[in-house]
Structure formats: C-alpha cells, structure tokens
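The file my_file.cif contains mmCIF, C-alpha atoms:
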data_input
loop_
_atom_site.label_atom_id
_atom_site.label_comp_id
_atom_site.auth_asym_id
_atom_site.auth_seq_id
_atom_site.Cartn_x
_atom_site.Cartn_y
_atom_site.Cartn_z
CA MET A 24 -113.68 -32.11 -104.87
CA MET A 25 -111.76 -33.87 -102.18
CA ALA A 26 -108.58 -33.58 -104.19
CA ARG A 27 -109.10 -29.84 -104.79
CA THR A 28 -109.68 -29.23 -101.09
CA LEU A 29 -106.54 -31.12 -100.14
CA ILE A 30 -104.44 -29.11 -102.54
CA ALA A 31 -105.90 -25.88 -101.23
CA ALA A 32 -105.09 -26.91 -97.67
CA LEU A 33 -101.53 -27.64 -98.60
CA ILE A 34 -101.22 -24.31 -100.32
CA GLY A 35 -102.93 -22.65 -97.40
CA VAL A 36 -100.39 -24.04 -95.04
CA GLY A 37 -97.52 -23.51 -97.41
CA ILE A 38 -98.00 -19.86 -98.19
CA PRO A 39 -98.11 -18.56 -94.62
CA LEU A 40 -94.97 -20.56 -93.80
CA SER A 41 -93.00 -18.98 -96.58
CA LEU A 42 -94.24 -15.54 -95.55
CA GLN A 43 -93.27 -16.09 -91.91
CA ALA A 44 -89.72 -16.98 -92.99
CA ALA A 45 -89.32 -14.08 -95.35
CA GLU A 46 -90.33 -11.23 -93.05
CA PRO A 47 -87.83 -11.82 -90.18
CA ASN A 48 -85.05 -12.37 -92.69
CA ARG A 49 -85.64 -8.93 -94.07
CA ALA A 50 -85.72 -7.62 -90.52
CA CYS A 51 -82.42 -9.37 -89.68
CA ASN A 52 -80.82 -8.00 -92.82
CA THR A 53 -81.37 -4.45 -91.62
CA ILE A 54 -79.30 -4.99 -88.45
CA ARG A 55 -75.87 -3.42 -88.93
CA ASP A 56 -74.05 -5.09 -86.03
CA PRO A 57 -72.83 -8.48 -87.33
CA MET A 58 -73.09 -10.20 -83.93
CA LEU A 59 -76.68 -8.98 -83.38
CA ARG A 60 -77.53 -9.96 -86.94
CA VAL A 61 -76.24 -13.49 -86.34
CA ASP A 62 -78.26 -13.65 -83.10
CA CYS A 63 -81.33 -12.60 -85.09
CA TYR A 64 -80.83 -15.44 -87.58
CA ASP A 65 -80.25 -17.87 -84.70
CA LYS A 66 -83.58 -16.91 -83.16
CA GLU A 67 -85.23 -17.10 -86.54
CA TYR A 68 -84.07 -20.64 -87.22
CA GLY A 69 -84.65 -21.79 -83.70
CA LEU A 70 -81.04 -22.43 -82.79
CA ASN A 71 -80.87 -22.86 -79.04
CA LEU A 72 -77.39 -21.49 -78.31
CA PRO A 73 -76.16 -21.01 -74.73
CA PRO A 74 -76.07 -17.43 -73.45
CA GLU A 75 -72.75 -15.52 -73.61
CA SER A 76 -72.00 -16.15 -69.95
CA GLU A 77 -72.19 -19.92 -70.46
CA LYS A 78 -69.93 -20.04 -73.49
CA PRO A 79 -66.58 -21.70 -72.84
CA LYS A 80 -63.88 -19.14 -72.17
CA PRO A 81 -60.51 -19.26 -73.91
CA GLN A 82 -58.37 -21.80 -72.16
CA PRO A 83 -55.09 -20.66 -70.66
CA SER A 84 -52.01 -22.54 -71.77
CA ASP A 85 -52.01 -26.20 -70.85
CA SER A 86 -49.26 -26.78 -68.32
CA SER A 87 -47.56 -23.47 -67.69
CA GLY A 88 -50.45 -21.59 -66.05
CA ALA A 89 -49.91 -22.47 -62.39
CA ALA A 90 -46.15 -22.50 -62.83
CA VAL A 91 -46.21 -19.00 -64.28
CA TRP A 92 -48.24 -17.63 -61.39
CA LEU A 93 -46.00 -19.37 -58.85
CA LYS A 94 -42.83 -18.20 -60.59
CA ASN A 95 -44.00 -14.60 -60.52
CA ALA A 96 -45.68 -14.54 -57.14
CA VAL A 97 -43.07 -16.20 -54.91
CA LYS A 98 -39.40 -15.24 -54.78
CA VAL A 99 -36.45 -16.32 -52.64
CA ARG A 100 -33.78 -13.66 -52.26
CA ASP A 101 -30.96 -12.69 -49.91
CA GLU A 102 -32.77 -9.71 -48.39
CA ILE A 103 -35.88 -7.57 -48.61
CA THR A 104 -34.95 -4.29 -50.18
CA PRO A 105 -37.04 -1.31 -49.03
CA ASP A 106 -39.19 -1.61 -52.13
CA GLY A 107 -39.94 -5.24 -51.32
CA LEU A 108 -38.29 -6.49 -54.49
CA GLY A 109 -35.32 -8.29 -53.02
CA SER A 110 -31.98 -8.22 -54.76
CA ASP A 111 -29.54 -11.11 -55.04
CA PRO A 112 -30.13 -14.84 -54.60
CA ALA A 113 -30.21 -16.18 -51.04
CA SER A 114 -26.74 -16.95 -49.74
CA ILE A 115 -25.02 -19.20 -47.26
CA THR A 116 -21.48 -18.10 -46.51
CA PHE A 117 -18.63 -19.89 -44.79
CA GLY A 118 -15.57 -17.72 -44.18
CA THR A 119 -12.73 -16.64 -42.01
CA GLN A 120 -12.26 -13.21 -40.51
CA ASP A 121 -9.24 -12.35 -38.35
CA GLY A 122 -8.56 -16.06 -37.91
CA GLU A 123 -12.12 -16.76 -36.79
CA HIS A 124 -14.24 -19.18 -38.76
CA PHE A 125 -17.81 -18.08 -39.25
CA SER A 126 -20.95 -18.87 -41.19
CA ALA A 127 -23.63 -16.50 -42.40
CA VAL A 128 -27.12 -16.88 -43.82
CA LYS A 129 -29.03 -14.22 -45.70
CA ALA A 130 -32.42 -15.33 -46.95
CA ALA A 131 -35.79 -13.77 -47.66
CA VAL A 132 -39.09 -15.05 -48.99
CA LEU A 133 -41.27 -12.59 -50.87
CA VAL A 134 -44.86 -13.09 -51.97
CA LYS A 135 -46.40 -10.53 -54.28
CA SER A 136 -49.49 -10.12 -56.41
CA VAL A 137 -49.15 -10.66 -60.16
CA VAL A 138 -52.51 -9.09 -61.03
CA SER A 139 -53.51 -5.83 -59.39
CA PRO A 140 -56.25 -6.23 -56.78
CA PHE A 141 -56.99 -2.49 -56.87
CA PRO A 142 -59.54 -0.51 -58.88
CA GLU A 143 -58.60 1.97 -61.60
CA PRO A 144 -56.51 4.05 -61.89
CA LEU A 145 -54.28 2.23 -59.36
CA ALA A 146 -54.56 -1.00 -61.35
CA SER A 147 -53.29 0.56 -64.57
CA TYR A 148 -50.39 2.05 -62.62
CA GLY A 149 -49.39 -1.48 -61.59
CA TRP A 150 -50.21 -1.25 -57.87
CA GLY A 151 -50.12 -4.55 -56.05
CA ILE A 152 -49.62 -5.97 -52.57
CA PHE A 153 -46.63 -7.84 -51.19
CA GLY A 154 -45.49 -9.60 -48.06
CA ALA A 155 -42.00 -10.65 -47.09
CA ALA A 156 -39.95 -12.20 -44.32
CA SER A 157 -36.17 -12.32 -44.02
CA MET A 158 -33.32 -13.42 -41.81
CA ASP A 159 -29.77 -12.09 -41.70
CA ARG A 160 -27.42 -13.79 -39.27
CA ASN A 161 -23.80 -14.76 -38.82
CA THR A 162 -21.75 -16.42 -36.10
CA LEU A 163 -18.98 -13.83 -35.79
CA THR A 164 -18.01 -12.90 -32.23
CA ASP A 165 -17.39 -9.16 -32.67
CA ASP A 166 -19.67 -8.37 -35.62
CA ARG A 167 -22.43 -10.81 -34.83
CA VAL A 168 -25.69 -10.16 -36.65
CA ASN A 169 -29.07 -11.80 -36.07
CA VAL A 170 -31.90 -9.72 -37.51
CA TRP A 171 -35.35 -10.93 -38.54
CA ASN A 172 -37.80 -8.86 -40.58
CA ALA A 173 -41.40 -9.30 -41.66
CA LYS A 174 -43.41 -6.77 -43.61
CA ILE A 175 -46.47 -6.21 -45.77
CA GLY A 176 -46.96 -3.42 -48.23
CA VAL A 177 -48.29 -2.01 -51.45
CA SER A 178 -46.26 -0.92 -54.46
CA GLY A 179 -46.70 0.51 -57.92
CA GLN A 180 -46.04 3.48 -60.16
CA ILE A 181 -46.51 7.13 -59.26
CA SER A 182 -45.50 7.92 -62.82
CA ASP A 183 -43.66 6.03 -65.57
CA SER A 184 -40.36 7.11 -63.99
CA VAL A 185 -41.13 6.76 -60.28
CA TYR A 186 -41.89 3.46 -58.55
CA SER A 187 -43.07 3.62 -54.96
CA ALA A 188 -43.43 1.03 -52.20
CA ILE A 189 -45.17 1.66 -48.89
CA SER A 190 -44.71 -0.98 -46.24
CA TYR A 191 -45.17 -1.68 -42.56
CA GLY A 192 -43.42 -4.38 -40.64
CA HIS A 193 -41.75 -5.82 -37.60
CA GLN A 194 -38.01 -6.09 -37.02
CA ARG A 195 -36.38 -8.18 -34.33
CA ASP A 196 -32.67 -7.81 -33.54
CA GLN A 197 -31.65 -10.75 -31.36
CA VAL A 198 -28.14 -9.45 -30.72
CA LYS A 199 -29.15 -6.01 -29.48
CA ASP A 200 -32.34 -7.44 -27.99
CA THR A 201 -34.61 -4.89 -29.63
CA ALA A 202 -37.93 -5.14 -31.42
CA SER A 203 -39.28 -2.40 -33.66
CA GLN A 204 -42.25 -1.55 -35.80
CA ILE A 205 -41.08 -0.02 -39.07
CA GLY A 206 -42.94 1.97 -41.68
CA LEU A 207 -41.22 2.71 -44.99
CA VAL A 208 -42.03 4.84 -47.99
CA ASP A 209 -39.50 4.05 -50.69
CA GLN A 210 -39.12 5.50 -54.18
CA ILE A 211 -37.02 4.30 -57.10
CA VAL A 212 -36.45 6.70 -59.96
CA THR A 213 -35.85 5.12 -63.37
CA LEU A 214 -34.46 7.43 -66.02
CA PRO A 215 -33.73 6.26 -69.58
CA TRP A 216 -30.41 8.11 -69.77
CA LEU A 217 -29.12 6.19 -66.72
CA THR A 218 -29.07 3.02 -68.82
CA TYR A 219 -26.61 2.22 -71.57
CA PHE A 220 -26.07 -1.03 -73.45
CA ASN A 221 -23.89 -2.27 -76.29
CA PRO A 222 -25.82 -5.05 -78.06
CA ASN A 223 -22.67 -6.38 -79.76
CA SER A 224 -20.41 -6.81 -76.74
CA HIS A 225 -23.26 -7.13 -74.18
CA ALA A 226 -21.48 -4.52 -72.09
CA GLY A 227 -23.86 -2.31 -70.19
CA VAL A 228 -24.36 -0.05 -67.26
CA HIS A 229 -27.48 1.01 -65.46
CA ALA A 230 -28.09 3.08 -62.38
CA TYR A 231 -30.96 4.47 -60.39
CA PRO A 232 -31.38 6.82 -57.47
CA ARG A 233 -33.75 6.06 -54.62
CA PHE A 234 -35.04 8.04 -51.69
CA GLY A 235 -37.50 7.55 -48.92
CA TYR A 236 -38.80 7.99 -45.42
CA MET A 237 -38.54 5.56 -42.50
CA HIS A 238 -40.54 5.58 -39.30
CA GLN A 239 -39.24 3.30 -36.55
CA ARG A 240 -40.90 2.71 -33.19
CA ILE A 241 -38.73 0.71 -30.80
CA ILE A 242 -41.21 -1.26 -28.73
CA HIS A 243 -38.77 -3.50 -26.91
CA ALA A 244 -35.20 -2.84 -25.77
CA ALA A 245 -32.73 -4.06 -23.18
CA GLU A 246 -33.24 -2.60 -19.69
CA ASP A 247 -30.80 0.28 -19.94
CA GLU A 248 -31.66 1.13 -23.56
CA PRO A 249 -34.25 3.75 -24.54
CA LYS A 250 -37.50 3.01 -26.31
CA GLY A 251 -39.36 5.41 -28.52
CA ARG A 252 -39.75 6.73 -32.04
CA LEU A 253 -37.32 7.76 -34.75
CA ASP A 254 -38.14 9.37 -38.09
CA GLY A 255 -35.53 9.46 -40.79
CA ALA A 256 -34.99 10.08 -44.47
CA TYR A 257 -32.55 8.50 -46.83
CA ILE A 258 -31.16 8.81 -50.30
CA GLY A 259 -29.27 6.12 -52.16
CA PHE A 260 -27.70 5.42 -55.52
CA TYR A 261 -27.30 2.02 -57.16
CA VAL A 262 -25.12 1.25 -60.15
CA GLN A 263 -24.37 -2.00 -61.98
CA TYR A 264 -21.71 -2.46 -64.65
CA ARG A 265 -21.44 -5.48 -66.92
CA PRO A 266 -18.18 -5.58 -68.89
CA GLY A 267 -19.68 -8.08 -71.35
CA ASP A 268 -17.30 -9.97 -73.58
CA ILE A 269 -14.23 -8.39 -71.97
CA PHE A 270 -14.39 -10.94 -69.14
CA GLY A 271 -15.97 -13.74 -71.11
CA ASP A 272 -19.45 -12.34 -70.48
CA ARG A 273 -19.52 -13.72 -66.95
CA VAL A 274 -18.71 -10.81 -64.64
CA LEU A 275 -20.93 -8.27 -62.91
CA PHE A 276 -19.90 -5.33 -60.74
CA SER A 277 -22.36 -3.47 -58.60
CA GLY A 278 -22.29 -0.78 -55.98
CA TYR A 279 -24.73 0.94 -53.68
CA ALA A 280 -24.22 4.04 -51.56
CA GLN A 281 -26.72 5.38 -49.05
CA ARG A 282 -26.98 8.31 -46.65
CA PHE A 283 -29.51 8.03 -43.81
CA VAL A 284 -30.38 10.87 -41.41
CA ASP A 285 -32.90 10.91 -38.57
CA PHE A 286 -34.74 14.22 -38.35
CA ALA A 287 -37.08 13.55 -35.41
CA ASP A 288 -37.15 11.44 -32.27
CA ASN A 289 -38.75 11.08 -28.88
CA GLY A 290 -37.70 9.04 -25.88
CA GLY A 291 -34.13 10.33 -25.98
CA ILE A 292 -32.94 7.89 -28.62
CA PRO A 293 -29.75 9.05 -30.32
CA ARG A 294 -30.45 10.17 -33.88
CA ARG A 295 -28.66 8.26 -36.60
CA HIS A 296 -26.47 9.84 -39.26
CA ASP A 297 -25.28 6.79 -41.15
CA ASN A 298 -23.49 6.10 -44.38
CA TYR A 299 -23.69 2.68 -45.95
CA PHE A 300 -21.73 1.29 -48.89
CA LYS A 301 -21.91 -2.07 -50.57
CA ILE A 302 -19.78 -3.14 -53.51
CA SER A 303 -19.65 -6.56 -55.07
CA ALA A 304 -18.05 -8.46 -57.90
CA GLU A 305 -19.81 -11.56 -59.13
CA TYR A 306 -18.49 -14.26 -61.45
CA LEU A 307 -21.04 -16.51 -63.11
CA LEU A 308 -20.09 -20.18 -63.06
CA ALA A 309 -22.53 -20.97 -65.88
CA PRO A 310 -23.46 -18.99 -69.00
CA TYR A 311 -26.38 -16.57 -69.00
CA GLY A 312 -29.68 -18.23 -69.62
CA SER A 313 -28.93 -21.38 -67.61
CA ASP A 314 -31.87 -22.63 -65.58
CA VAL A 315 -29.62 -22.93 -62.55
CA LEU A 316 -27.10 -20.12 -62.38
CA PRO A 317 -24.38 -20.55 -59.76
CA SER A 318 -21.99 -17.69 -59.12
CA LEU A 319 -19.16 -16.66 -56.86
CA ALA A 320 -19.63 -13.26 -55.25
CA LEU A 321 -17.08 -11.15 -53.43
CA GLU A 322 -18.86 -8.47 -51.43
CA ARG A 323 -17.71 -5.69 -49.15
CA GLN A 324 -20.15 -3.84 -46.85
CA VAL A 325 -19.18 -0.80 -44.86
CA GLY A 326 -21.30 1.31 -42.51
CA ALA A 327 -24.74 0.91 -41.01
CA ASP A 328 -27.99 0.35 -42.86
CA PRO A 329 -30.98 1.23 -40.66
CA LEU A 330 -33.33 -0.02 -43.40
CA SER A 331 -32.23 -3.62 -43.01
CA GLY A 332 -31.24 -3.24 -39.36
CA THR A 333 -27.57 -4.07 -39.85
CA ASP A 334 -25.37 -2.11 -37.47
CA ARG A 335 -22.13 -0.32 -38.18
CA HIS A 336 -19.62 -2.84 -39.47
CA GLY A 337 -17.17 -3.54 -42.23
CA ILE A 338 -17.30 -7.06 -43.55
CA THR A 339 -16.02 -8.81 -46.64
CA THR A 340 -17.58 -12.07 -47.74
CA LEU A 341 -16.95 -14.53 -50.51
CA SER A 342 -20.09 -16.54 -51.13
CA LEU A 343 -21.49 -19.10 -53.49
CA ARG A 344 -24.83 -18.01 -54.87
CA LEU A 345 -27.35 -20.16 -56.61
CA LYS A 346 -30.01 -18.58 -58.72
CA VAL A 347 -32.82 -20.77 -60.00
CA ASN A 348 -34.77 -19.37 -62.97
CA MET B 21 -59.49 -10.70 -77.39
CA ALA B 22 -56.21 -10.86 -79.26
CA THR B 23 -54.66 -13.93 -80.85
CA TYR B 24 -51.33 -15.32 -79.73
CA PRO B 25 -49.35 -13.80 -82.65
CA GLU B 26 -50.93 -10.42 -81.87
CA ALA B 27 -49.99 -10.74 -78.19
CA LYS B 28 -46.43 -11.65 -79.14
CA ALA B 29 -46.18 -8.63 -81.44
CA ILE B 30 -47.51 -6.35 -78.70
CA VAL B 31 -44.88 -7.56 -76.22
CA ILE B 32 -42.03 -7.18 -78.72
CA LYS B 33 -43.20 -3.65 -79.52
CA LEU B 34 -43.34 -2.77 -75.80
CA LEU B 35 -39.85 -4.16 -75.15
CA THR B 36 -38.44 -2.38 -78.19
CA GLY B 37 -39.67 0.88 -76.71
CA VAL B 38 -37.65 0.42 -73.52
CA THR B 39 -34.29 -0.54 -75.08
CA ARG B 40 -31.56 2.07 -75.02
CA PRO B 41 -30.06 2.57 -77.51
CA ARG B 42 -33.09 1.46 -79.52
CA ILE B 43 -32.93 -2.16 -80.71
CA ASP B 44 -35.27 -3.26 -83.48
CA ILE B 45 -36.25 -6.57 -81.88
CA ALA B 46 -38.97 -7.46 -84.40
CA ALA B 47 -36.56 -7.18 -87.34
CA ASN B 48 -34.11 -9.56 -85.69
CA TYR B 49 -36.55 -12.01 -84.10
CA GLY B 50 -37.22 -15.64 -84.83
CA ASP B 51 -35.59 -19.03 -85.34
CA GLY B 52 -31.92 -18.57 -86.12
CA ALA B 53 -32.17 -14.80 -85.71
CA LYS B 54 -30.35 -12.71 -83.13
CA TYR B 55 -33.28 -12.63 -80.71
CA ASN B 56 -35.87 -15.19 -79.69
CA ALA B 57 -38.01 -16.03 -76.66
CA ASP B 58 -34.95 -17.14 -74.69
CA SER B 59 -33.19 -13.79 -75.13
CA GLU B 60 -32.54 -12.28 -71.72
CA LEU B 61 -33.86 -8.81 -71.06
CA LEU B 62 -30.76 -7.66 -69.17
CA HIS B 63 -28.01 -9.60 -70.89
CA ASP B 64 -29.20 -9.50 -74.51
CA LEU B 65 -31.29 -6.34 -74.61
CA GLY B 66 -29.79 -4.27 -71.78
CA ILE B 67 -33.15 -3.88 -69.99
CA PRO B 68 -32.64 -3.99 -66.20
CA PRO B 69 -35.60 -4.93 -63.97
CA GLU B 70 -36.14 -1.35 -62.85
CA ARG B 71 -36.60 -0.20 -66.46
CA MET B 72 -39.55 -2.57 -66.76
CA PHE B 73 -41.40 -0.37 -64.26
CA SER B 74 -41.60 2.32 -66.90
CA ILE B 75 -43.67 0.19 -69.32
CA VAL B 76 -46.28 -1.00 -66.82
CA ARG B 77 -48.82 1.60 -67.86
CA ARG B 78 -48.31 0.82 -71.57
CA PHE B 79 -48.49 -2.92 -70.87
CA ASN B 80 -51.79 -2.46 -69.02
CA SER B 81 -53.04 -0.09 -71.68
CA GLU B 82 -52.53 -2.84 -74.28
CA LEU B 83 -54.45 -5.28 -72.07
CA HIS B 84 -57.29 -2.77 -71.90
CA ARG B 85 -57.18 -2.24 -75.69
CA ILE B 86 -57.73 -5.94 -76.39
CA GLY B 87 -60.60 -6.10 -73.91
CA VAL B 88 -58.85 -7.64 -70.88
CA ALA B 89 -60.05 -6.39 -67.50
CA ARG B 90 -57.07 -7.59 -65.46
CA ARG B 91 -53.98 -5.44 -64.91
CA VAL B 92 -50.47 -6.66 -64.18
CA THR B 93 -48.43 -5.25 -61.27
CA SER B 94 -45.13 -3.39 -61.52
CA ASP B 95 -43.47 -6.04 -59.36
CA ALA B 96 -44.54 -8.89 -61.63
CA LEU B 97 -43.29 -7.13 -64.74
CA ALA B 98 -39.93 -6.33 -63.14
CA GLU B 99 -39.40 -10.00 -62.29
CA GLN B 100 -39.42 -11.16 -65.93
CA GLU B 101 -36.06 -12.28 -67.25
CA THR B 102 -36.57 -13.23 -70.89
CA ILE B 103 -38.69 -12.09 -73.83
CA GLY B 104 -40.55 -15.39 -73.56
CA ASP B 105 -41.33 -14.71 -69.89
CA VAL B 106 -42.98 -11.41 -70.80
CA ILE B 107 -44.96 -13.00 -73.66
CA THR B 108 -46.11 -15.77 -71.32
CA LEU B 109 -47.11 -13.28 -68.61
CA PHE B 110 -49.11 -11.22 -71.11
CA CYS B 111 -50.91 -14.31 -72.41
CA GLU B 112 -51.61 -15.69 -68.94
CA VAL B 113 -53.11 -12.42 -67.73
CA ALA B 114 -55.12 -12.07 -70.96
CA GLU B 115 -56.10 -15.78 -70.95
CA ILE B 116 -54.72 -16.22 -74.45
CA LYS B 117 -53.88 -19.82 -75.26
CA ILE B 118 -50.20 -20.33 -75.93
CA PRO B 119 -49.68 -22.78 -78.82
CA ALA B 120 -47.51 -25.81 -78.23
CA GLY B 121 -43.84 -25.00 -78.68
CA GLU B 122 -44.37 -21.32 -78.00
CA PRO B 123 -43.09 -18.88 -76.97
CA LYS B 124 -40.09 -19.23 -79.23
#

Please go through the file and, once you have read it, give me the structure as structure tokens.
Amino acid sequence: MMARTLIAALIGVGIPLSLQAAEPNRACNTIRDPMLRVDCYDKEYGLNLPPESEKPKPQPSDSSGAAVWLKNAVKVRDEITPDGLGSDPASITFGTQDGEHFSAVKAAVLVKSVVSPFPEPLASYGWGIFGAASMDRNTLTDDRVNVWNAKIGVSGQISDSVYSAISYGHQRDQVKDTASQIGLVDQIVTLPWLTYFNPNSHAGVHAYPRFGYMHQRIIHAAEDEPKGRLDGAYIGFYVQYRPGDIFGDRVLFSGYAQRFVDFADNGGIPRRHDNYFKISAEYLLAPYGSDVLPSLALERQVGADPLSGTDRHGITTLSLRLKVN
Amino acid sequence: MATYPEAKAIVIKLLTGVTRPRIDIAANYGDGAKYNADSELLHDLGIPPERMFSIVRRFNSELHRIGVARRVTSDALAEQETIGDVITLFCEVAEIKIPAGEPK
C-alpha cells in the first residue's frame, strides 16, 4: 500500500510538471517575431537575462576612437574662410619685398562638431556648429597687416548642391585700430559638371562658385574715423587645377576671384566696391599620402578682401607649408 | 546595426556615386588592387572636399537605414582625405567595431 501511494505521488507530481512545460511551449511557438519568441522561451526556462538597456553595446574600435574625433573636430589652417572650413595649412613666411625683410604668420584654429547636435531634418542635412579664431600679421612697413578674428557659427546643407554657413564674430584690426562685429551668411555651390578627373594621369580640375551676405558693425575706430554699419554682398569663384603626372604629380594651381559690394550703410562710412584675387602655385616636397606633407607655395594676392579684413594690397609670398594628416 | 564589411561596402558605394567620371571603386578595391583604404579622395578619385557636401544626406540616410540615430555633419565629411578615413568615420559614428588591421 505504501509503495502504491508513493508511486502515485510521483506520478501526481510528474504529470502536472510535464503539462506546465508543454503549454507555454505551444504558446511560444505561435509568436511570429523571432526575438519575442526567444524572450518567451527565456521566461519559460527561467533564464534571468539582463534587460535590453543593460546589454553591453558594440564597442567602438580600440585605439582610434578618440583620435578620430580629435582629427575631425580640430583643424589648424592658414585662415578662416567665410564658411568656417579653412583652406591651406598654417604658414610662417620670411621674405623680402622692395629690399625690406619681413615675416608673416597666417594661422587659424577651427573647432567643429562631427555629429550633428540638431534635431531632424537639420541633422540629416549635416548641420553642425563651429568656432574659429585666426591671426594674420606681417612686419612690412607699407603693407603691414595685423588682423585677429574670432567667430562661431552653424553650417550644413540647404540642398545636396548648396552648402551654407551662418556665423557671427569679432574682428580686430590692430593696424587701422578698428574693432568690428561681423555677421556672415555664406553659400558654396557644388555642381558635378564643375569637377573633372582623369584617373590614369591623376590630372583634375574642380571649381565652385560662392556667394553671400556680410553685415559689419564697426564698434571701435580711431578718433577721426567713422563708426557704424555696413551691409554688403559678394560673389566669388574658386578653381583648382592639378596637372597630375605632367609635373611628377606634385604640383597644384589654384585661383580665387571675388567681387564685394556694400549696398547699405549708416554713420557715413564709405561703401566698399572691392575686387580680390588670389592665385597660387604649390609644389609638394613629399608624395601624396605622406603623413607629413611639406610644400613650397608661391602666392600672389591683389585687392582687398573685406571678409578676412585684409586691406587693399598686392603682395607676393613664397612660403613653406606643412600639412599634417 | 550593420557589420564592418557592410559598412565598408556602404562607404565605397557612396564614394562611387560622387566620382566624375564614374569610377567603379568596388571592382578595383583590395590588396594589390588600384584602390584601397589609403587611396586619397582628391588625388586618386578626383573628389574635392566640397563634393563631399553633396553626399551628406545619403551618408546620413544610410546611418538611419542601419538603425543609427546619430548624424554626421557636412564639415566632418568634407574633412576626410582617404577612403579609409570615410570608412572609419562611418564606423565611429555608427559604433561599429573596426577589426584589427582595418580599414585596408
């Protein structure tokens, strides 16, 4: 009797257990979503997995992470272009003009966001923020320049073909003893047919037009100079030509032409109608792809560029540039 | 989330779309081939920085497609100099682990 009872108890315990396991399994099998189905089995078999938020995230690459962000976020250039991108490497120049020895420094530091801080749709259009500071000075007697700029701004795409940068900053001209607040709205137009490349010889040419609006408020000036506001518009055209193998694949030619016209003023400040031209030839002292890329650059600037604050002058410089990738 | 090979293929497809005349990068990519991660966008593919602006929306669209919430800026994309730089940027933004020795 005792033995019969014991067997019955075992069966009594055993049968319900097998039933409890079978029913949820059938329920789990009816779930179509594979992830939910797996979760169902996990609950069924008592697996105590951490919630999704506590799961380890994919690890970014081991050593390059911080370096990549730093490389993309901080740049050293020779100047802040209106779009905040900068152009050539920073330069220190030692030269002679009309028998006068001079030195010149053009340097800018730019900090920009790599990931968009804005909500959609601005984020998808690549809008980010940037800040920059620059100095442009030389020791010439007649054409002395000493201009400092600092600006912050936002930039991104208006469309696939039009990049826009909106910035506000402070400009200090030590030579003319002026200080200005400057607002800029700058557009670069990129058109596929303004780019051509020969993959065999590496010869190529690309160009882009740009246009924009500049608001300048002169807040400090020498005693006999007027203060006030100027509003101007400009249009420019940049072109770069790379002859490729013709010159051993080491030469670059570039040119930029700009027309700037003030259309409004107050305070009796003379309106500017300025042309500005810059052409340069650059010879690379190391092959493309070098981590450190030194080059010799011969550059000629003519005219006045209100965007950078350089006054009317014609100057030719031969400089050693050092680009660090 | 995409795998590293998928991310690499996405970047090569995006860069192919901005070359002019069109260069089939994928068909000539790899060890000993004409193009690799060290290939320079301007010098080897004829892609100047300003042309990179025009693929920002497609770049970000690909990030969205693989379930990444972050979006890259036009400025960051225009600063890239090699194919490997663009692959690395894509993977860093998407938090995709780059295998040792890659990008190559």

Problem - For CA of Leu61 (chain B) and CA of Val97 (chain A), the interatomic separation in Å (one decimal) - result: 20.0 Å

Exercise for the section: For chain B, list the residues within 10 Å of chain A, counting only C-alpha atoms, and write the list as a ChimeraX atom specification. Expected result: /B:21,38-43,58-60,62-81,83-84,89-102,105,108-109,111-120,122

Exercise for the section: Would you kindly translate the PyMOL selection byres ((chain A and resi 154) around 7) into the concrete residues it picks from this file, as a list of chain:residue names? Expected result: A:Leu133, A:Val134, A:Lys135, A:Phe153, A:Ala155, A:Lys174, A:Ile175, A:Gly176

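When CA of Ala130 (chain A) is paired with CA of Leu341 (chain A), their separation reads 15.9 Å.
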
Problem - Nearest to Ala256 (chain A), chosen from A:Thr333, A:Thr201, A:Ser157, A:Gln239, with all atoms listed in the file counted in the distances - result: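 Nearest candidate to Ala256 (chain A) out of A:Thr333, A:Thr201, A:Ser157, A:Gln239: A:Gln239.
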
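Straight-line separation from CA of Glu248 (chain A) to CA of Ala131 (chain A): 28.6 Å.
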
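The nearest approach to Ile30 (chain B) among the residues B:Gly121, B:Glu82, B:Ile45, B:Ile103, with all atoms listed in the file taken into account, belongs to B:Glu82.
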
Practice task
Enumerate, as a PyMOL selection string, the residues matched when the PyMOL selection byres ((chain A and resi 162) around 8) is run on the file above.
Solution key: chain A and resi 125-127+160-161+163-164+167-168

Would you put the residues from that selection into a file with C-alpha atoms, as a PDB file, in the coordinates of the input?
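Produced file result.pdb, reproduced below:
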ATOM      1  CA  PHE A 125     -17.810 -18.080 -39.250  1.00  0.00           C
ATOM      2  CA  SER A 126     -20.950 -18.870 -41.190  1.00  0.00           C
ATOM      3  CA  ALA A 127     -23.630 -16.500 -42.400  1.00  0.00           C
ATOM      4  CA  ARG A 160     -27.420 -13.790 -39.270  1.00  0.00           C
ATOM      5  CA  ASN A 161     -23.800 -14.760 -38.820  1.00  0.00           C
ATOM      6  CA  LEU A 163     -18.980 -13.830 -35.790  1.00  0.00           C
ATOM      7  CA  THR A 164     -18.010 -12.900 -32.230  1.00  0.00           C
ATOM      8  CA  ARG A 167     -22.430 -10.810 -34.830  1.00  0.00           C
ATOM      9  CA  VAL A 168     -25.690 -10.160 -36.650  1.00  0.00           C
TER      10      VAL A 168
END
